[in-house]
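Chemist: Mind looking over this structure? Questions follow.
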Amino acid sequence: MRAWGSIGSLLAIGLLAAHPALSQGTGLTLGGVDSVRGLPVEIRADNLQVDNTTGETIFTGNAVLGQGDMRLAAPVIRIIYAASGDGRIQRLEASGGVTLVTAEEAAEAQNAVYDVDAGLVNMRGSVILTQGPNVVSGDVFSFNLRTGQGRMDGNVRTIIQTNP
């Protein structure tokens, strides 16, 4: 099962999609990014709050970020920009019950954080990664986008279908 790499890439797509230029400027090579890169990004939410003094943009209430066939949904999606003021995203956080889906894969957790500078994605709280009938679950999922290495910790359970 390739769920770790794919779901890590999927989460990165969702988090990168909030700022399309970011996905092109990081030097990351993610298999799934090319399928949505260049497509329009739409973010819907009940509320939008922008704070130029802190460098934060917060979408709240039924927040959904979409690009191509990818959807990232959470009650709160927070984008934190770098203090340099160059418009670069430093961190993206989704909280309150996060769902990320594409046509083939899905990830769920209570919270997800993408640290752009470190290239790290962390999902916490009842994490479930699915690809078709295969499932991996646990308490914490960490994925390094630069190395392609992932780790699931705490109450790990894996279901791999063996029937063709």
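In the structure tokens, the first chain shown is A, the next is B, and so on; residue numbers restart at 1 for each chain, and ligands run from 1 in the order shown.
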Which residues are close to Arg151 (chain A), i.e. within 10 Å by only C-alpha atoms, leaving aside same-chain residues fewer than 2 positions away? Reply as JSON, numbers by chain.
Modeler: {"A": [4, 122, 138, 140, 141, 142, 143, 144, 149, 153]}
Chemist: How would the residues just picked look written out with N, CA and C atoms as a PDB file, in the first residue's frame?
Modeler:
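The resulting file, result_36.pdb, is reproduced below:
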ATOM      1  N   TRP A   4       1.070   6.144   2.665  1.00  0.00           N
ATOM      2  CA  TRP A   4       1.825   7.207   3.305  1.00  0.00           C
ATOM      3  C   TRP A   4       2.290   8.225   2.302  1.00  0.00           C
ATOM      4  N   ASN A 122       2.036  17.302   9.661  1.00  0.00           N
ATOM      5  CA  ASN A 122       1.662  16.546  10.849  1.00  0.00           C
ATOM      6  C   ASN A 122       0.149  16.544  10.980  1.00  0.00           C
ATOM      7  N   GLY A 138      -4.197   5.790  13.253  1.00  0.00           N
ATOM      8  CA  GLY A 138      -3.372   5.972  14.436  1.00  0.00           C
ATOM      9  C   GLY A 138      -3.656   7.319  15.061  1.00  0.00           C
ATOM     10  N   VAL A 140      -1.120   9.864  15.545  1.00  0.00           N
ATOM     11  CA  VAL A 140      -0.316  10.935  14.960  1.00  0.00           C
ATOM     12  C   VAL A 140       0.331  10.432  13.678  1.00  0.00           C
ATOM     13  N   PHE A 141       0.209  11.208  12.615  1.00  0.00           N
ATOM     14  CA  PHE A 141       0.851  10.898  11.341  1.00  0.00           C
ATOM     15  C   PHE A 141       1.769  12.049  10.981  1.00  0.00           C
ATOM     16  N   SER A 142       3.032  11.741  10.722  1.00  0.00           N
ATOM     17  CA  SER A 142       4.015  12.750  10.324  1.00  0.00           C
ATOM     18  C   SER A 142       4.583  12.350   8.977  1.00  0.00           C
ATOM     19  N   PHE A 143       4.752  13.335   8.099  1.00  0.00           N
ATOM     20  CA  PHE A 143       5.266  13.055   6.766  1.00  0.00           C
ATOM     21  C   PHE A 143       6.235  14.148   6.353  1.00  0.00           C
ATOM     22  N   ASN A 144       7.443  13.740   5.940  1.00  0.00           N
ATOM     23  CA  ASN A 144       8.439  14.678   5.463  1.00  0.00           C
ATOM     24  C   ASN A 144       8.348  14.711   3.947  1.00  0.00           C
ATOM     25  N   GLN A 149       9.462  10.301   3.616  1.00  0.00           N
ATOM     26  CA  GLN A 149       9.328   9.372   4.733  1.00  0.00           C
ATOM     27  C   GLN A 149       8.169   9.776   5.632  1.00  0.00           C
ATOM     28  N   ASP A 153       2.092   6.939  14.541  1.00  0.00           N
ATOM     29  CA  ASP A 153       2.358   6.570  15.929  1.00  0.00           C
ATOM     30  C   ASP A 153       1.063   6.505  16.722  1.00  0.00           C
TER      31      ASP A 153
END
Chemist: Write out as an mmCIF file with C-alpha atoms, in the first residue's frame all residues of region 39-94 of chain A that backbone DSSP assigns to strand (DSSP E or B).
Modeler:
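Everything below was put into part10.cif:
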data_model
loop_
_atom_site.group_PDB
_atom_site.id
_atom_site.type_symbol
_atom_site.label_atom_id
_atom_site.label_comp_id
_atom_site.auth_asym_id
_atom_site.auth_seq_id
_atom_site.Cartn_x
_atom_site.Cartn_y
_atom_site.Cartn_z
ATOM 1 C CA VAL A 41 -8.177 27.280 -6.395
ATOM 2 C CA GLU A 42 -11.449 28.016 -4.659
ATOM 3 C CA ILE A 43 -11.829 28.555 -0.920
ATOM 4 C CA ARG A 44 -15.322 28.783 0.497
ATOM 5 C CA ASN A 47 -16.300 33.832 7.413
ATOM 6 C CA LEU A 48 -12.939 35.304 6.441
ATOM 7 C CA GLN A 49 -10.680 37.204 8.809
ATOM 8 C CA VAL A 50 -7.453 38.901 7.651
ATOM 9 C CA ASP A 51 -4.945 40.337 10.113
ATOM 10 C CA GLU A 56 -2.712 35.520 9.288
ATOM 11 C CA THR A 57 -5.708 34.761 7.123
ATOM 12 C CA ILE A 58 -8.381 32.623 8.762
ATOM 13 C CA PHE A 59 -11.316 30.931 7.036
ATOM 14 C CA THR A 60 -13.957 29.709 9.513
ATOM 15 C CA GLY A 61 -17.260 27.887 9.342
ATOM 16 C CA ASN A 62 -17.587 25.155 6.742
ATOM 17 C CA ALA A 63 -14.234 26.056 5.167
ATOM 18 C CA VAL A 64 -13.535 24.108 1.980
ATOM 19 C CA LEU A 65 -10.473 24.497 -0.185
ATOM 20 C CA GLY A 66 -10.782 22.930 -3.641
ATOM 21 C CA GLN A 67 -8.502 22.479 -6.621
ATOM 22 C CA MET A 70 -9.001 17.574 -4.415
ATOM 23 C CA ARG A 71 -11.024 18.951 -1.474
ATOM 24 C CA LEU A 72 -9.744 19.987 1.960
ATOM 25 C CA ALA A 73 -12.509 20.684 4.471
ATOM 26 C CA ALA A 74 -12.283 21.843 8.090
ATOM 27 C CA PRO A 75 -14.142 24.179 10.411
ATOM 28 C CA VAL A 76 -11.018 26.381 10.491
ATOM 29 C CA ILE A 77 -8.303 26.836 7.852
ATOM 30 C CA ARG A 78 -5.560 29.245 8.956
ATOM 31 C CA ILE A 79 -2.823 30.544 6.662
ATOM 32 C CA ILE A 80 0.198 32.151 8.323
ATOM 33 C CA TYR A 81 2.443 34.246 6.085
ATOM 34 C CA ILE A 89 3.233 31.100 3.259
ATOM 35 C CA GLN A 90 5.127 29.922 6.330
ATOM 36 C CA ARG A 91 2.525 27.582 7.810
ATOM 37 C CA LEU A 92 -0.946 26.309 7.113
ATOM 38 C CA GLU A 93 -3.202 24.834 9.802
ATOM 39 C CA ALA A 94 -6.551 23.081 9.487
#
Chemist: To one decimal place in Å, what is the distance between CA of Gly154 (chain A) and CA of Leu129 (chain A)?
Modeler: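 Here the two named atoms are 14.1 Å from each other.
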Chemist: Can you list, as a ChimeraX atom specification, every protein, DNA or RNA residue that comes within 12 Å of Gln161 (chain A) when you count only C-alpha atoms, leaving out same-chain residues fewer than 3 positions away?
Modeler: /A:1,130-136,158,164
Chemist: May I have the selected residues written with C-alpha atoms, as a PDB file, in the first residue's frame?
Modeler:
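Result went into part-v9.pdb, see below:
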ATOM      1  CA  MET A   1       0.000   0.000   0.000  1.00  0.00           C
ATOM      2  CA  THR A 130      -7.494   5.373   3.128  1.00  0.00           C
ATOM      3  CA  GLN A 131      -6.680   4.278  -0.383  1.00  0.00           C
ATOM      4  CA  GLY A 132      -9.440   2.197  -1.919  1.00  0.00           C
ATOM      5  CA  PRO A 133     -10.175  -0.615   0.557  1.00  0.00           C
ATOM      6  CA  ASN A 134      -6.850  -0.208   2.420  1.00  0.00           C
ATOM      7  CA  VAL A 135      -6.730   1.728   5.690  1.00  0.00           C
ATOM      8  CA  VAL A 136      -4.045   2.921   8.104  1.00  0.00           C
ATOM      9  CA  THR A 158      -3.558  -1.289   9.301  1.00  0.00           C
ATOM     10  CA  PRO A 164      -7.446  -8.908  -6.172  1.00  0.00           C
TER      11      PRO A 164
END
Chemist: Expressed in Å to a single decimal, how great is the separation between CA of Gly97 (chain A) and CA of Val121 (chain A)?
Modeler: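 Spanning CA of Gly97 (chain A) to CA of Val121 (chain A) is a straight-line distance of 15.7 Å.
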Chemist: Suppose you want the space between CA of Leu120 (chain A) and CA of Ile159 (chain A); what is it in Å?
Modeler: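 Those two atoms sit 25.2 Å apart.
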Chemist: Compare A:Asp46, A:Asp69, A:Asp117, A:Glu108 by their minimum atom-to-atom distance to Arg146 (chain A), counting only C-alpha atoms, and give me the closest one.
Modeler: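 That would be A:Asp117, the residue with the smallest distance to Arg146 (chain A).
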Chemist: Show which residues sit within 9 Å of Asp139 (chain A), as a list in words. Count only C-alpha atoms, and ignore same-chain residues fewer than 6 positions away.
Modeler: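 Residues near the query, excluding close chain neighbours: Ala109, Met123, Arg124, Gly125, Ser126, Val127, Ile128, Met152, Asp153, Gly154, Asn155 and Val156 of chain A.
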